[in-house]
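Asker: Here it is, the structure in full.
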Amino acid sequence: MDWRAIELSLRLSTLTTLLLLILGLPLACWLAFSRWRWKYFIEAVVALPIVLPPTVLGFYVLIAIGPRSPIGQAYSAITGRGLPFSFQGLLVASVLYSLPFAVQPFTAAISTVDRRLIEASWCLGRGWLATFFRVTLPLAWPGVLTGVVLTFAHTLGEFGVVLMIGGNLSGITRTISISIYDQVQALDYGAANQTSLALLLFSFLVLAITYGLQRRGIAVWPMH
Amino acid sequence: MADALTLHFRKTFPKGALIDADLEVGLIPPTVTVLFGPSGSGKTMILRALAGLERSTDSVIHFGSEVWVDDKNGEFIPPQRRRIGFLFQDYALFSHLTVTGNIRYGLRGLSANERQFRIGQMLERFQLQDLAARYPDQLSGGQKQRVALARTLAPQPRLLLLDEPLSALDGPTREALRGELRHLLSSLCIPVLLVTHDRVEALALGDQVAIVNEGRIVQHASIEDVFRRPLTPAIAKIVAVENVQRARVLDADEELVTVAVGEARLIAAASDFPRGATEAFVCIRAENVLLLKSGEAVSASARNRLPAIVKALTREGPIWRIELDCGFALTALLTRQACEELVLQENDRVLAMIKATNVHLISRS
């Protein structure tokens, strides 16, 4: 088995999940509470990676972080390196690609929290941040956990976006699914089977645990 | 006024509904003011505006010398900084916290000792000691209400806002807790505003009542006054005055006004009925109509003695509702005992007795 690829995939998934937890929760809160009339545009943007072919997403991200774009230029001016075909570039793409898998369960979970509980917290003198950590999050945690698990599993299995952004550099951008592709290309079916089976079992376990938790807690994974 | 809570709240809704409420409640001495009105009249919205949970573009709220809201000057104090207590209709207890956790939630900026002391005090006051470690879903309706009150009062709010405090309870519990709540509210020494659509609740709990109808406060006075002397027929309907009839003024002097209702004549105390008015509405509460069998010795105290025929008798719990015809339709409420003593039956001839002070006139001109 390609242990470097496995290690890389786990690292990428963990960091993507963490970033989406930090970025996704505020966004989910906004989506759950905002009454802005154009909110559905943002909802559509968040859901886009579900329907978009990974190659399309990957292509635009590649352009956006490339050396000719303001983002790419700013990044290389600060760090002296380019984003494409690097782990950092891969991370940016992964965050975008997994956005709906985090934000949708988060939003659904936060929406189920009774608005009056939040108002009760305000009337008891707690600000919105304290209210979020003491009332909203504890009551929404099964849904937040679902989002975390799905994000992790989804990132672990991504292929198209990685290929577009990261290429195939061992230890830098060669993730587990790219490694399987390589093994099949090299007609090494034994190794491909080993890695695939590991990924299959892992994904199954993750989903089984998620659905098990949902049965005990509140149903939160939205159907789309 | 410096020692008053004043509210001006105006808000339009997309579907055309409008709230346009003005309210002034004295803070010293603290009173219990009931916001009373039909469902959808906007009473809860007014309460939420006082808490800072509802905003509009045209409102002003002063609490004593503090400005809570002044939209013209862009001032808005959020709920967190108003130091109020808000009791939600279904109590809104935090289901992930125990009874103690719920009570502790609003206690901030206190030493651990002080906090512990306050929690103990609240647990004792609301007899929650044995339930301290329970979660809200392990409590009965009445227990939840006590926890919610304890949580609301623990931080020692300066103003207590109660939204239908008894409506989430079942009948017998509600009746038992009504008295307890009244006792609690009068022992608090802070002003209380309470929303209800239940007449019994309003009468049992309030000192003052503000009648809310279609987003406006249409009458605000003592409970006694509003329920006996509604300003308009619409208010009479809201406070459920059983008998409202059109009348013509026949004669009026300083003390008494004589009116004709259908074929009958009624004498009413003049009180503040405008002199010179010719048309009126007559309001008589059914409980103020006394019945005697014709021919019985007549008490001298009631000025109005109307011969009447019993049209229908309906039992309403411990009370009988009696529909009479005395030249106009008149409803009387009698206790079961009084009814039995009279041996009333349909088509009986009786004498309906009404004191002049119990006949309330509303000018129509």
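In the structure tokens, each chain is lettered A, B, ... as it comes, each chain's residues begin at 1, and ligands are numbered from 1 in order of appearance.
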Residues of chain B within 10 Å of chain A, using only C-alpha atoms, as a ChimeraX atom specification?
Answerer: /B:48,51-53,78-97,103,105-108,151-155,157
Asker: Using only C-alpha atoms, which residues sit within 7 Å of Ser41 (chain B) once same-chain residues fewer than 5 positions away are excluded, as a PyMOL selection string?
Answerer: chain B and resi 212-215
Asker: Excluding Ala210 (chain B) and residues on its chain fewer than 6 positions from it, collect all residues at most 7 Å away from it, counting only C-alpha atoms, and give them as a list in words.
Answerer: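 Near neighbours after the sequence-gap exclusion: Val34, Leu35, Phe36, Ile217, Gln219, His220 and Ala221 of chain B.
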Asker: Just the selected residues (N, CA and C atoms), exported as a tab-separated table (two decimals), in the first residue's frame, please.
Answerer:
```tsv
chain	number	residue	atom	x	y	z
B	34	VAL	N	-51.67	43.78	32.86
B	34	VAL	CA	-52.03	42.70	31.95
B	34	VAL	C	-52.28	43.28	30.56
B	35	LEU	N	-51.63	42.71	29.56
B	35	LEU	CA	-51.96	43.05	28.18
B	35	LEU	C	-52.99	42.01	27.74
B	36	PHE	N	-54.21	42.48	27.53
B	36	PHE	CA	-55.31	41.57	27.29
B	36	PHE	C	-55.93	41.85	25.94
B	217	ILE	N	-53.50	49.88	21.68
B	217	ILE	CA	-53.95	49.79	23.06
B	217	ILE	C	-55.16	50.72	23.19
B	219	GLN	N	-57.70	50.73	25.67
B	219	GLN	CA	-58.09	51.21	26.99
B	219	GLN	C	-57.09	50.69	28.01
B	220	HIS	N	-56.69	51.54	28.93
B	220	HIS	CA	-55.69	51.16	29.93
B	220	HIS	C	-56.10	51.77	31.25
B	221	ALA	N	-56.49	50.94	32.19
B	221	ALA	CA	-56.93	51.43	33.49
B	221	ALA	C	-56.90	50.26	34.47
```
Asker: Near Ser13 (chain A), counting only C-alpha atoms, which residues have an atom at most 9 Å away, once you skip same-chain residues fewer than 4 positions from it, shown as a PyMOL selection string?
Answerer: chain A and resi 8-9+17-18+91+94+151-156
Asker: Near Leu57 (chain A), counting only C-alpha atoms, which residues have an atom at most 10 Å away, once you skip same-chain residues fewer than 6 positions from it, shown as a ChimeraX atom specification?
Answerer: /A:48-49,93,96-97,160-161,164-165
Asker: Could the residues in this selection be written to a file with N, CA and C atoms, as an mmCIF file, in the first residue's frame?
Answerer:
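Saved result, again-v1.cif, follows:
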```
data_model
loop_
_atom_site.group_PDB
_atom_site.id
_atom_site.type_symbol
_atom_site.label_atom_id
_atom_site.label_comp_id
_atom_site.auth_asym_id
_atom_site.auth_seq_id
_atom_site.Cartn_x
_atom_site.Cartn_y
_atom_site.Cartn_z
ATOM 1 N N LEU A 48 -23.311 24.326 -5.058
ATOM 2 C CA LEU A 48 -22.767 24.116 -6.405
ATOM 3 C C LEU A 48 -21.823 22.902 -6.525
ATOM 4 N N PRO A 49 -20.876 22.732 -5.609
ATOM 5 C CA PRO A 49 -19.934 21.602 -5.759
ATOM 6 C C PRO A 49 -20.607 20.227 -5.790
ATOM 7 N N ALA A 93 -8.700 24.037 -2.748
ATOM 8 C CA ALA A 93 -9.680 23.376 -3.611
ATOM 9 C C ALA A 93 -10.556 22.420 -2.817
ATOM 10 N N LEU A 96 -13.282 24.187 -0.876
ATOM 11 C CA LEU A 96 -14.399 24.589 -1.746
ATOM 12 C C LEU A 96 -15.227 23.372 -2.154
ATOM 13 N N TYR A 97 -14.535 22.295 -2.495
ATOM 14 C CA TYR A 97 -15.211 21.109 -3.006
ATOM 15 C C TYR A 97 -16.103 20.473 -1.930
ATOM 16 N N GLY A 160 -11.089 14.055 -8.896
ATOM 17 C CA GLY A 160 -11.020 14.972 -10.045
ATOM 18 C C GLY A 160 -10.375 16.294 -9.712
ATOM 19 N N VAL A 161 -10.778 16.864 -8.603
ATOM 20 C CA VAL A 161 -10.251 18.168 -8.216
ATOM 21 C C VAL A 161 -8.755 18.067 -7.936
ATOM 22 N N MET A 164 -6.780 17.976 -11.097
ATOM 23 C CA MET A 164 -6.727 19.259 -11.779
ATOM 24 C C MET A 164 -5.785 20.237 -11.084
ATOM 25 N N ILE A 165 -5.814 20.256 -9.772
ATOM 26 C CA ILE A 165 -5.073 21.269 -9.010
ATOM 27 C C ILE A 165 -3.688 20.786 -8.626
#
```
Asker: If I take CA of Leu128 (chain B) and CA of Leu137 (chain A), how far is one from the other in Å, to one decimal?
Answerer: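 Distance reported for this atom pair: 27.3 Å.
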Asker: For Ala208 (chain A), find every residue with an atom within 12 Å (counting only C-alpha atoms), except residues of its own chain fewer than 4 positions away, and show them as a PDB file with N, CA and C atoms, in the first residue's frame.
Answerer:
```pdb
ATOM      1  N   THR A 146     -22.229  15.252  12.033  1.00  0.00           N
ATOM      2  CA  THR A 146     -22.509  14.679  10.715  1.00  0.00           C
ATOM      3  C   THR A 146     -21.733  15.427   9.637  1.00  0.00           C
ATOM      4  N   VAL A 149     -17.993  14.557   9.804  1.00  0.00           N
ATOM      5  CA  VAL A 149     -17.700  13.210   9.312  1.00  0.00           C
ATOM      6  C   VAL A 149     -17.811  13.157   7.786  1.00  0.00           C
ATOM      7  N   LEU A 150     -18.868  13.755   7.264  1.00  0.00           N
ATOM      8  CA  LEU A 150     -19.072  13.734   5.815  1.00  0.00           C
ATOM      9  C   LEU A 150     -17.979  14.507   5.090  1.00  0.00           C
ATOM     10  N   ALA A 153     -14.829  12.336   5.081  1.00  0.00           N
ATOM     11  CA  ALA A 153     -14.933  11.193   4.173  1.00  0.00           C
ATOM     12  C   ALA A 153     -14.933  11.654   2.717  1.00  0.00           C
ATOM     13  N   LEU A 201     -13.926   0.215   3.166  1.00  0.00           N
ATOM     14  CA  LEU A 201     -14.278  -0.126   4.549  1.00  0.00           C
ATOM     15  C   LEU A 201     -14.351   1.126   5.417  1.00  0.00           C
ATOM     16  N   PHE A 202     -13.354   1.974   5.216  1.00  0.00           N
ATOM     17  CA  PHE A 202     -13.325   3.196   6.013  1.00  0.00           C
ATOM     18  C   PHE A 202     -14.577   4.044   5.760  1.00  0.00           C
ATOM     19  N   SER A 203     -14.910   4.223   4.493  1.00  0.00           N
ATOM     20  CA  SER A 203     -16.075   5.055   4.144  1.00  0.00           C
ATOM     21  C   SER A 203     -17.352   4.459   4.713  1.00  0.00           C
ATOM     22  N   PHE A 204     -17.459   3.111   4.585  1.00  0.00           N
ATOM     23  CA  PHE A 204     -18.658   2.446   5.105  1.00  0.00           C
ATOM     24  C   PHE A 204     -18.789   2.672   6.610  1.00  0.00           C
ATOM     25  N   GLY A 212     -25.900   5.929  12.609  1.00  0.00           N
ATOM     26  CA  GLY A 212     -26.194   5.428  13.962  1.00  0.00           C
ATOM     27  C   GLY A 212     -26.396   6.576  14.934  1.00  0.00           C
ATOM     28  N   LEU A 213     -25.516   7.573  14.829  1.00  0.00           N
ATOM     29  CA  LEU A 213     -25.629   8.742  15.710  1.00  0.00           C
ATOM     30  C   LEU A 213     -26.912   9.499  15.441  1.00  0.00           C
ATOM     31  N   GLN A 214     -27.268   9.571  14.158  1.00  0.00           N
ATOM     32  CA  GLN A 214     -28.489  10.290  13.802  1.00  0.00           C
ATOM     33  C   GLN A 214     -29.722   9.629  14.388  1.00  0.00           C
ATOM     34  N   ARG A 215     -29.687   8.289  14.407  1.00  0.00           N
ATOM     35  CA  ARG A 215     -30.842   7.581  14.948  1.00  0.00           C
ATOM     36  C   ARG A 215     -31.026   7.920  16.416  1.00  0.00           C
TER      37      ARG A 215
END
```
Asker: Return as a short mmCIF file (atom, residue, chain, number, x, y, z; two decimals) with C-alpha atoms, in the first residue's frame the full set of residues in region 3-138 of chain A whose backbone-based DSSP assignment is alpha helix (DSSP H).
Answerer:
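Below is the file out05.cif, written as the result:
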```
data_model
loop_
_atom_site.label_atom_id
_atom_site.label_comp_id
_atom_site.auth_asym_id
_atom_site.auth_seq_id
_atom_site.Cartn_x
_atom_site.Cartn_y
_atom_site.Cartn_z
CA TRP A 3 1.46 4.77 2.87
CA ARG A 4 2.65 8.22 1.79
CA ALA A 5 -0.59 8.69 -0.14
CA ILE A 6 -2.64 7.51 2.82
CA GLU A 7 -0.79 9.85 5.16
CA LEU A 8 -1.25 12.73 2.73
CA SER A 9 -4.95 12.04 2.28
CA LEU A 10 -5.51 11.90 6.05
CA ARG A 11 -3.61 15.15 6.52
CA LEU A 12 -5.58 16.85 3.75
CA SER A 13 -8.92 15.58 5.10
CA THR A 14 -8.15 16.64 8.66
CA LEU A 15 -7.07 20.13 7.69
CA THR A 16 -10.00 20.56 5.28
CA THR A 17 -12.42 19.49 8.00
CA LEU A 18 -10.87 21.86 10.53
CA LEU A 19 -10.98 24.77 8.10
CA LEU A 20 -14.57 24.03 7.20
CA LEU A 21 -15.50 23.87 10.86
CA ILE A 22 -14.03 27.33 11.37
CA LEU A 23 -15.43 28.83 8.15
CA GLY A 24 -18.57 26.74 7.83
CA LEU A 25 -20.13 27.34 11.24
CA PRO A 26 -20.40 31.12 10.90
CA LEU A 27 -21.66 30.71 7.34
CA ALA A 28 -24.20 28.12 8.50
CA CYS A 29 -25.35 30.44 11.29
CA TRP A 30 -25.83 33.21 8.80
CA LEU A 31 -27.76 30.93 6.43
CA ALA A 32 -29.94 29.68 9.29
CA PHE A 33 -30.83 33.08 10.73
CA LYS A 39 -29.99 34.52 0.54
CA TYR A 40 -30.91 31.75 -1.88
CA PHE A 41 -28.09 32.87 -4.20
CA ILE A 42 -25.60 32.11 -1.47
CA GLU A 43 -27.34 28.80 -0.79
CA ALA A 44 -27.02 27.94 -4.47
CA VAL A 45 -23.32 28.82 -4.48
CA VAL A 46 -22.74 26.66 -1.41
CA ALA A 47 -24.53 23.71 -3.05
CA LEU A 48 -22.77 24.12 -6.41
CA PRO A 49 -19.93 21.60 -5.76
CA ILE A 50 -22.54 18.84 -5.37
CA VAL A 51 -23.67 19.09 -8.99
CA PRO A 54 -14.94 18.11 -10.23
CA THR A 55 -13.02 18.95 -13.37
CA VAL A 56 -15.02 22.16 -13.85
CA LEU A 57 -14.54 23.19 -10.25
CA GLY A 58 -10.88 22.22 -10.41
CA PHE A 59 -10.36 24.15 -13.65
CA TYR A 60 -11.75 27.39 -12.23
CA VAL A 61 -9.89 27.02 -8.97
CA LEU A 62 -6.71 26.43 -10.97
CA ILE A 63 -7.32 29.64 -12.90
CA ALA A 64 -8.21 31.52 -9.72
CA ILE A 65 -5.06 30.55 -7.86
CA PRO A 70 -4.55 38.43 -8.24
CA ILE A 71 -4.90 35.69 -5.61
CA GLY A 72 -2.07 33.63 -7.08
CA GLN A 73 0.15 36.69 -7.45
CA ALA A 74 -0.51 37.84 -3.90
CA TYR A 75 0.22 34.36 -2.56
CA SER A 76 3.50 34.01 -4.41
CA ALA A 77 4.50 37.55 -3.42
CA ILE A 78 4.06 36.64 0.24
CA THR A 79 5.37 33.07 0.27
CA PHE A 87 -0.44 20.97 -0.90
CA GLN A 88 -1.77 24.44 0.02
CA GLY A 89 -3.48 24.79 -3.35
CA LEU A 90 -4.99 21.35 -2.88
CA LEU A 91 -6.29 22.45 0.51
CA VAL A 92 -8.00 25.51 -0.96
CA ALA A 93 -9.68 23.38 -3.61
CA SER A 94 -10.72 20.74 -1.08
CA VAL A 95 -12.33 23.32 1.17
CA LEU A 96 -14.40 24.59 -1.75
CA TYR A 97 -15.21 21.11 -3.01
CA SER A 98 -16.44 19.89 0.41
CA LEU A 99 -18.20 23.12 1.36
CA PRO A 100 -21.78 21.80 0.96
CA PHE A 101 -20.98 18.62 2.86
CA ALA A 102 -20.13 20.72 5.90
CA VAL A 103 -22.37 23.76 5.56
CA GLN A 104 -25.61 21.98 4.69
CA PRO A 105 -25.70 19.68 7.74
CA PHE A 106 -24.48 22.57 9.94
CA THR A 107 -27.27 24.84 8.67
CA ALA A 108 -29.92 22.15 9.04
CA ALA A 109 -28.80 21.44 12.61
CA ILE A 110 -28.66 25.09 13.62
CA SER A 111 -32.10 25.70 12.08
CA THR A 112 -33.61 22.99 14.28
CA ARG A 115 -35.33 30.28 18.18
CA ARG A 116 -36.89 31.01 21.57
CA LEU A 117 -34.02 29.25 23.36
CA ILE A 118 -31.63 31.67 21.72
CA GLU A 119 -33.86 34.59 22.69
CA ALA A 120 -34.11 33.25 26.24
CA SER A 121 -30.33 33.24 26.39
CA TRP A 122 -30.20 36.87 25.24
CA CYS A 123 -32.76 37.89 27.84
CA TRP A 128 -24.53 36.11 20.72
CA LEU A 129 -21.13 34.42 20.94
CA ALA A 130 -21.79 32.98 24.40
CA THR A 131 -25.26 31.98 23.22
CA LEU A 137 -23.83 24.42 19.41
CA PRO A 138 -24.63 21.97 22.25
#
```
Asker: Report as an MDAnalysis selection string: the residues of region 5-184 of chain B with a DSSP assignment of strand (DSSP E or B), based on the backbone of this structure.
Answerer: chainID B and resid 5:12 18:26 32:36 58:63 66:70 75:76 84:87 159:163
Asker: Contacts of Val257 (chain B) at 7 Å or less, counting only C-alpha atoms, minus same-chain residues fewer than 3 places along, as number ranges by chain?
Answerer: B: 251-253, 267-270
Asker: So, with only C-alpha atoms as the atoms that count, which of B:Ile190, B:Leu313, B:Ala133, B:Leu290 lies closest to Leu344 (chain B)?
Answerer: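 Looking only at the distances to Leu344 (chain B), the closest residue turns out to be B:Leu313.
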